Amino acid sequence: MELTPTTPVKPTERISDLLDAMSRTGFQGRKLGEAYKIWREMIADPDCTILLGVSGAMVPAGMQECLIALAEEHYIDGIVSTGANIFHDICEHLGVRHYRGHHHVDDAALFEKGIDRIYDVFAYEEQFRSVDQQVADFIETIAPFRGSSRELIRRLGEWLIETCPEGRSLTATCASEGIPIFVPAIADSSIGISLVMARRAGTDVEVDQIGDTDEITVIVEKSKKTGVIYIGGGVPKNFIQQTQVIASIHDSDLEGHAYAIQFTTDAPHWGGLSGCTFEEAISWGKETVTCPRVQCFCDATIAIPLMTSALVTSGIRRVGRS
């Protein structure tokens, strides 16, 4: 058996060179480097539609500008997100900030002060409720509304641009760039709270989540190839994964996603979807048998800044995309 030696990593100022070198080392550092290479393959493939799944509290943790950069550079073509990330993204656009806190804290004291905690990030509950009301008021202006979450989030992005043109958010950026954002579990978020507030105030609003499933599947069916990138797992991961199954049921057997990357801290042996391997997904027809794929078991708040910085500073440009 002929073996390939590992190559020790040498310090370098270029993050793209660092990740490339890490792909020839071992353990999760190697997986991170391999993920970078596969993402570059997706970007360079003119036939590939790239879908990003975002779970976890990425925006409160400070990942917003990285996500915006991915959209601005068109390193992604569509997003499936938790409602929470989009809500926090809207908050930042409107000037409501998240603050550095600590996980060793008296949570009862925080409650008394009206401070919410997301591990070591703090935010003011009163400010969140103000945004809840602003979103509910916006929904009233577009009523009666019946459409997918993608359509609702697009309109929210346009409203953010008009209301607060000096702000920045993934939601607004995607609205400008024509990148769809799907929120398949929108009721399970503060945006869902806003929808309830609007409805109880008499607003005629109905978000069609089955429409979401159909719309994203059509995107996959019309693509020659699809590449998937998952930050965490959860609903966004399965929502994207199942498009291949739905397509095959409707006589569009695409044989699975052609590229696959995941950054997760979940392990497969608990049986949950967030830790499920791409090898297991092959048995469902969700990934192609031969697709380049890698799962990096790493905190996404470490992986995403490194990956985004490497991609952007490498100068790689999307082929055949605006």
# chains A, B, ... in the order shown; residues from 1 in each chain; ligands from 1
$ select_by_dssp --residues "stretch 95-156 of chain A" --states "alpha helix (DSSP H)" --output "ChimeraX atom specification"
/A:107-113,125-141,149-156
$ residues_around --residues "A:Thr308" --least-positions-apart "3" --cutoff "9 Å" --atoms "only C-alpha atoms" --output "list in words"
Cys66, Leu67, Ala69, Leu70, Ala303, Ile304, Pro305, Leu311, Val312 and Thr313 of chain A
$ write_last_selection --atoms "N, CA and C atoms" --output "compact mmCIF listing (two decimals), in the first residue's frame"
# COMPACT_ATOMS: atom_id res chain seq x y z
N CYS A 66 -20.10 37.94 7.76
CA CYS A 66 -19.61 36.82 6.96
C CYS A 66 -20.72 36.31 6.04
N LEU A 67 -21.92 36.18 6.58
CA LEU A 67 -23.05 35.72 5.77
C LEU A 67 -23.38 36.73 4.68
N ALA A 69 -21.26 38.74 3.24
CA ALA A 69 -20.21 38.63 2.23
C ALA A 69 -20.46 37.45 1.29
N LEU A 70 -20.91 36.33 1.83
CA LEU A 70 -21.22 35.16 0.99
C LEU A 70 -22.30 35.49 -0.02
N ALA A 303 -15.37 28.11 12.16
CA ALA A 303 -15.24 27.70 10.76
C ALA A 303 -15.65 28.79 9.78
N ILE A 304 -16.78 29.46 10.03
CA ILE A 304 -17.34 30.39 9.04
C ILE A 304 -16.47 31.62 8.81
N PRO A 305 -15.93 32.27 9.84
CA PRO A 305 -15.04 33.40 9.55
C PRO A 305 -13.80 32.98 8.76
N LEU A 311 -12.21 32.46 1.16
CA LEU A 311 -12.87 32.56 -0.15
C LEU A 311 -12.77 33.98 -0.71
N VAL A 312 -13.09 34.96 0.12
CA VAL A 312 -13.12 36.35 -0.35
C VAL A 312 -11.72 36.83 -0.72
N THR A 313 -10.73 36.56 0.14
CA THR A 313 -9.38 37.07 -0.12
C THR A 313 -8.66 36.28 -1.20
$ closest_atom_pairs --of "stretch 265-290 of chain A" --to "stretch 243-261 of chain A" --cutoff "9 Å" --atoms "only C-alpha atoms" --output "JSON lines"
{"residue": "A:Phe278", "atom": "CA", "partner": "A:Ala260", "partner_atom": "CA", "distance": 7.6}
{"residue": "A:Ile282", "atom": "CA", "partner": "A:Gly256", "partner_atom": "CA", "distance": 7.6}
{"residue": "A:Trp284", "atom": "CA", "partner": "A:Val245", "partner_atom": "CA", "distance": 7.5}
{"residue": "A:Gly285", "atom": "CA", "partner": "A:Gly256", "partner_atom": "CA", "distance": 5.3}
{"residue": "A:Lys286", "atom": "CA", "partner": "A:Gly256", "partner_atom": "CA", "distance": 4.4}
{"residue": "A:Glu287", "atom": "CA", "partner": "A:Gly256", "partner_atom": "CA", "distance": 3.9}
{"residue": "A:Thr288", "atom": "CA", "partner": "A:Gly256", "partner_atom": "CA", "distance": 4.5}
{"residue": "A:Val289", "atom": "CA", "partner": "A:Gly256", "partner_atom": "CA", "distance": 8.0}
{"residue": "A:Thr290", "atom": "CA", "partner": "A:Ala258", "partner_atom": "CA", "distance": 8.0}
$ write_last_selection --atoms "C-alpha atoms" --output "PDB file, in the first residue's frame"
ATOM      1  CA  PHE A 278     -23.555  12.325   4.215  1.00  0.00           C
ATOM      2  CA  ILE A 282     -26.662   8.570   0.269  1.00  0.00           C
ATOM      3  CA  TRP A 284     -31.867   8.091   0.964  1.00  0.00           C
ATOM      4  CA  GLY A 285     -30.719   9.445  -2.388  1.00  0.00           C
ATOM      5  CA  LYS A 286     -30.038  12.872  -0.901  1.00  0.00           C
ATOM      6  CA  GLU A 287     -26.392  13.000  -1.999  1.00  0.00           C
ATOM      7  CA  THR A 288     -24.851  11.421  -5.067  1.00  0.00           C
ATOM      8  CA  VAL A 289     -22.759   8.336  -4.405  1.00  0.00           C
ATOM      9  CA  THR A 290     -19.589   9.940  -5.770  1.00  0.00           C
TER      10      THR A 290
END
$ closest_residue --among "A:Glu72, A:Ile161, A:Arg168, A:Ile43" --to "A:Glu92" --atoms "only C-alpha atoms"
A:Arg168
$ select_by_dssp --residues "stretch 103-142 of chain A" --states "strand (DSSP E)" --output "VMD selection string"
chain A and resid 115 to 118 121 to 124
$ write_last_selection --atoms "N, CA and C atoms" --output "PDB file, in the first residue's frame"
ATOM      1  N   ILE A 115     -32.840  41.454  30.512  1.00  0.00           N
ATOM      2  CA  ILE A 115     -31.768  41.067  29.595  1.00  0.00           C
ATOM      3  C   ILE A 115     -31.912  39.594  29.238  1.00  0.00           C
ATOM      4  N   ASP A 116     -31.925  39.294  27.946  1.00  0.00           N
ATOM      5  CA  ASP A 116     -31.958  37.916  27.459  1.00  0.00           C
ATOM      6  C   ASP A 116     -30.529  37.427  27.246  1.00  0.00           C
ATOM      7  N   ARG A 117     -30.312  36.127  27.483  1.00  0.00           N
ATOM      8  CA  ARG A 117     -28.961  35.557  27.310  1.00  0.00           C
ATOM      9  C   ARG A 117     -28.972  34.463  26.249  1.00  0.00           C
ATOM     10  N   ILE A 118     -28.028  34.543  25.326  1.00  0.00           N
ATOM     11  CA  ILE A 118     -27.766  33.474  24.361  1.00  0.00           C
ATOM     12  C   ILE A 118     -26.335  33.027  24.614  1.00  0.00           C
ATOM     13  N   VAL A 121     -23.846  35.867  25.009  1.00  0.00           N
ATOM     14  CA  VAL A 121     -24.306  37.072  24.322  1.00  0.00           C
ATOM     15  C   VAL A 121     -25.578  37.567  25.010  1.00  0.00           C
ATOM     16  N   PHE A 122     -25.646  38.873  25.256  1.00  0.00           N
ATOM     17  CA  PHE A 122     -26.801  39.476  25.914  1.00  0.00           C
ATOM     18  C   PHE A 122     -27.572  40.356  24.925  1.00  0.00           C
ATOM     19  N   ALA A 123     -28.840  40.551  25.195  1.00  0.00           N
ATOM     20  CA  ALA A 123     -29.671  41.479  24.428  1.00  0.00           C
ATOM     21  C   ALA A 123     -30.804  41.944  25.332  1.00  0.00           C
ATOM     22  N   TYR A 124     -31.386  43.112  24.979  1.00  0.00           N
ATOM     23  CA  TYR A 124     -32.471  43.669  25.771  1.00  0.00           C
ATOM     24  C   TYR A 124     -33.822  43.185  25.236  1.00  0.00           C
TER      25      TYR A 124
END
$ residues_around --residues "A:Arg14" --least-positions-apart "6" --cutoff "12 Å" --atoms "only C-alpha atoms" --output "PyMOL selection string"
chain A and resi 20-21+306-307+309-315
$ write_last_selection --atoms "N, CA and C atoms" --output "PDB file, in the first residue's frame"
ATOM      1  N   ASP A  20      -5.765  25.730   2.575  1.00  0.00           N
ATOM      2  CA  ASP A  20      -5.287  24.791   1.568  1.00  0.00           C
ATOM      3  C   ASP A  20      -4.245  23.853   2.178  1.00  0.00           C
ATOM      4  N   ALA A  21      -3.353  24.404   2.961  1.00  0.00           N
ATOM      5  CA  ALA A  21      -2.323  23.582   3.609  1.00  0.00           C
ATOM      6  C   ALA A  21      -2.929  22.648   4.649  1.00  0.00           C
ATOM      7  N   LEU A 306     -13.245  31.811   9.068  1.00  0.00           N
ATOM      8  CA  LEU A 306     -12.069  31.335   8.332  1.00  0.00           C
ATOM      9  C   LEU A 306     -12.421  31.011   6.885  1.00  0.00           C
ATOM     10  N   MET A 307     -13.536  30.300   6.684  1.00  0.00           N
ATOM     11  CA  MET A 307     -13.945  29.920   5.338  1.00  0.00           C
ATOM     12  C   MET A 307     -14.263  31.154   4.493  1.00  0.00           C
ATOM     13  N   SER A 309     -13.348  34.314   4.930  1.00  0.00           N
ATOM     14  CA  SER A 309     -12.148  35.115   4.695  1.00  0.00           C
ATOM     15  C   SER A 309     -11.280  34.487   3.613  1.00  0.00           C
ATOM     16  N   ALA A 310     -11.141  33.177   3.660  1.00  0.00           N
ATOM     17  CA  ALA A 310     -10.318  32.487   2.660  1.00  0.00           C
ATOM     18  C   ALA A 310     -10.908  32.632   1.264  1.00  0.00           C
ATOM     19  N   LEU A 311     -12.214  32.458   1.155  1.00  0.00           N
ATOM     20  CA  LEU A 311     -12.869  32.558  -0.154  1.00  0.00           C
ATOM     21  C   LEU A 311     -12.772  33.978  -0.714  1.00  0.00           C
ATOM     22  N   VAL A 312     -13.092  34.963   0.124  1.00  0.00           N
ATOM     23  CA  VAL A 312     -13.116  36.353  -0.351  1.00  0.00           C
ATOM     24  C   VAL A 312     -11.716  36.825  -0.722  1.00  0.00           C
ATOM     25  N   THR A 313     -10.733  36.563   0.139  1.00  0.00           N
ATOM     26  CA  THR A 313      -9.378  37.066  -0.119  1.00  0.00           C
ATOM     27  C   THR A 313      -8.659  36.281  -1.205  1.00  0.00           C
ATOM     28  N   SER A 314      -9.152  35.090  -1.534  1.00  0.00           N
ATOM     29  CA  SER A 314      -8.534  34.319  -2.614  1.00  0.00           C
ATOM     30  C   SER A 314      -8.812  34.949  -3.986  1.00  0.00           C
ATOM     31  N   GLY A 315      -9.865  35.777  -4.028  1.00  0.00           N
ATOM     32  CA  GLY A 315     -10.221  36.436  -5.281  1.00  0.00           C
ATOM     33  C   GLY A 315     -11.049  35.592  -6.219  1.00  0.00           C
TER      34      GLY A 315
END
$ closest_residue --among "A:Ser149, A:Thr301, A:Ile181, A:Gly232" --to "A:Pro60" --atoms "only C-alpha atoms"
A:Thr301
$ closest_residue --among "A:Phe263, A:Phe138, A:Tyr36, A:Tyr75" --to "A:Gly157" --atoms "only C-alpha atoms"
A:Phe138
$ residues_around --residues "A:Ala143" --least-positions-apart "6" --cutoff "8 Å" --atoms "only C-alpha atoms" --output "PDB file with N, CA and C atoms, in the first residue's frame"
ATOM      1  N   THR A 203     -55.083  41.442  11.243  1.00  0.00           N
ATOM      2  CA  THR A 203     -54.413  41.414   9.941  1.00  0.00           C
ATOM      3  C   THR A 203     -54.625  40.071   9.258  1.00  0.00           C
ATOM      4  N   ASP A 204     -54.952  40.112   7.993  1.00  0.00           N
ATOM      5  CA  ASP A 204     -55.169  38.895   7.202  1.00  0.00           C
ATOM      6  C   ASP A 204     -53.828  38.429   6.654  1.00  0.00           C
ATOM      7  N   VAL A 205     -53.224  37.429   7.304  1.00  0.00           N
ATOM      8  CA  VAL A 205     -51.900  36.953   6.900  1.00  0.00           C
ATOM      9  C   VAL A 205     -51.836  35.443   7.013  1.00  0.00           C
TER      10      VAL A 205
END
$ closest_residue --among "A:Asp120, A:Ala267, A:Tyr230, A:Gly78" --to "A:Thr217" --atoms "only C-alpha atoms"
A:Gly78
$ residues_around --residues "A:Ile86" --least-positions-apart "5" --cutoff "9 Å" --atoms "only C-alpha atoms" --output "mmCIF file with N, CA and C atoms, in the first residue's frame"
data_model
loop_
_atom_site.group_PDB
_atom_site.id
_atom_site.type_symbol
_atom_site.label_atom_id
_atom_site.label_comp_id
_atom_site.auth_asym_id
_atom_site.auth_seq_id
_atom_site.Cartn_x
_atom_site.Cartn_y
_atom_site.Cartn_z
ATOM 1 N N VAL A 59 -26.207 34.936 13.931
ATOM 2 C CA VAL A 59 -26.184 36.396 13.920
ATOM 3 C C VAL A 59 -25.860 36.961 15.303
ATOM 4 N N SER A 81 -32.993 29.182 6.423
ATOM 5 C CA SER A 81 -32.556 29.620 7.741
ATOM 6 C C SER A 81 -33.619 29.377 8.792
ATOM 7 N N CYS A 91 -32.982 42.803 13.493
ATOM 8 C CA CYS A 91 -32.667 43.650 14.654
ATOM 9 C C CYS A 91 -31.405 44.464 14.404
ATOM 10 N N ILE A 153 -40.077 37.107 3.417
ATOM 11 C CA ILE A 153 -38.738 37.579 3.777
ATOM 12 C C ILE A 153 -38.206 38.535 2.711
ATOM 13 N N SER A 169 -27.863 44.120 6.527
ATOM 14 C CA SER A 169 -28.381 42.840 6.994
ATOM 15 C C SER A 169 -28.310 41.833 5.867
ATOM 16 N N LEU A 170 -28.302 40.577 6.226
ATOM 17 C CA LEU A 170 -28.372 39.504 5.236
ATOM 18 C C LEU A 170 -29.707 39.563 4.505
ATOM 19 N N THR A 171 -30.772 39.857 5.254
ATOM 20 C CA THR A 171 -32.110 39.922 4.670
ATOM 21 C C THR A 171 -32.188 40.964 3.570
ATOM 22 N N VAL A 183 -37.661 30.247 5.194
ATOM 23 C CA VAL A 183 -37.714 30.004 6.642
ATOM 24 C C VAL A 183 -38.832 28.978 6.877
ATOM 25 N N ILE A 191 -40.203 36.042 14.450
ATOM 26 C CA ILE A 191 -41.016 36.450 13.307
ATOM 27 C C ILE A 191 -42.393 35.805 13.417
#
$ atom_distance --atom1 "atom CA of A:Ala84" --atom2 "atom CA of A:Thr265"
19.2 Å
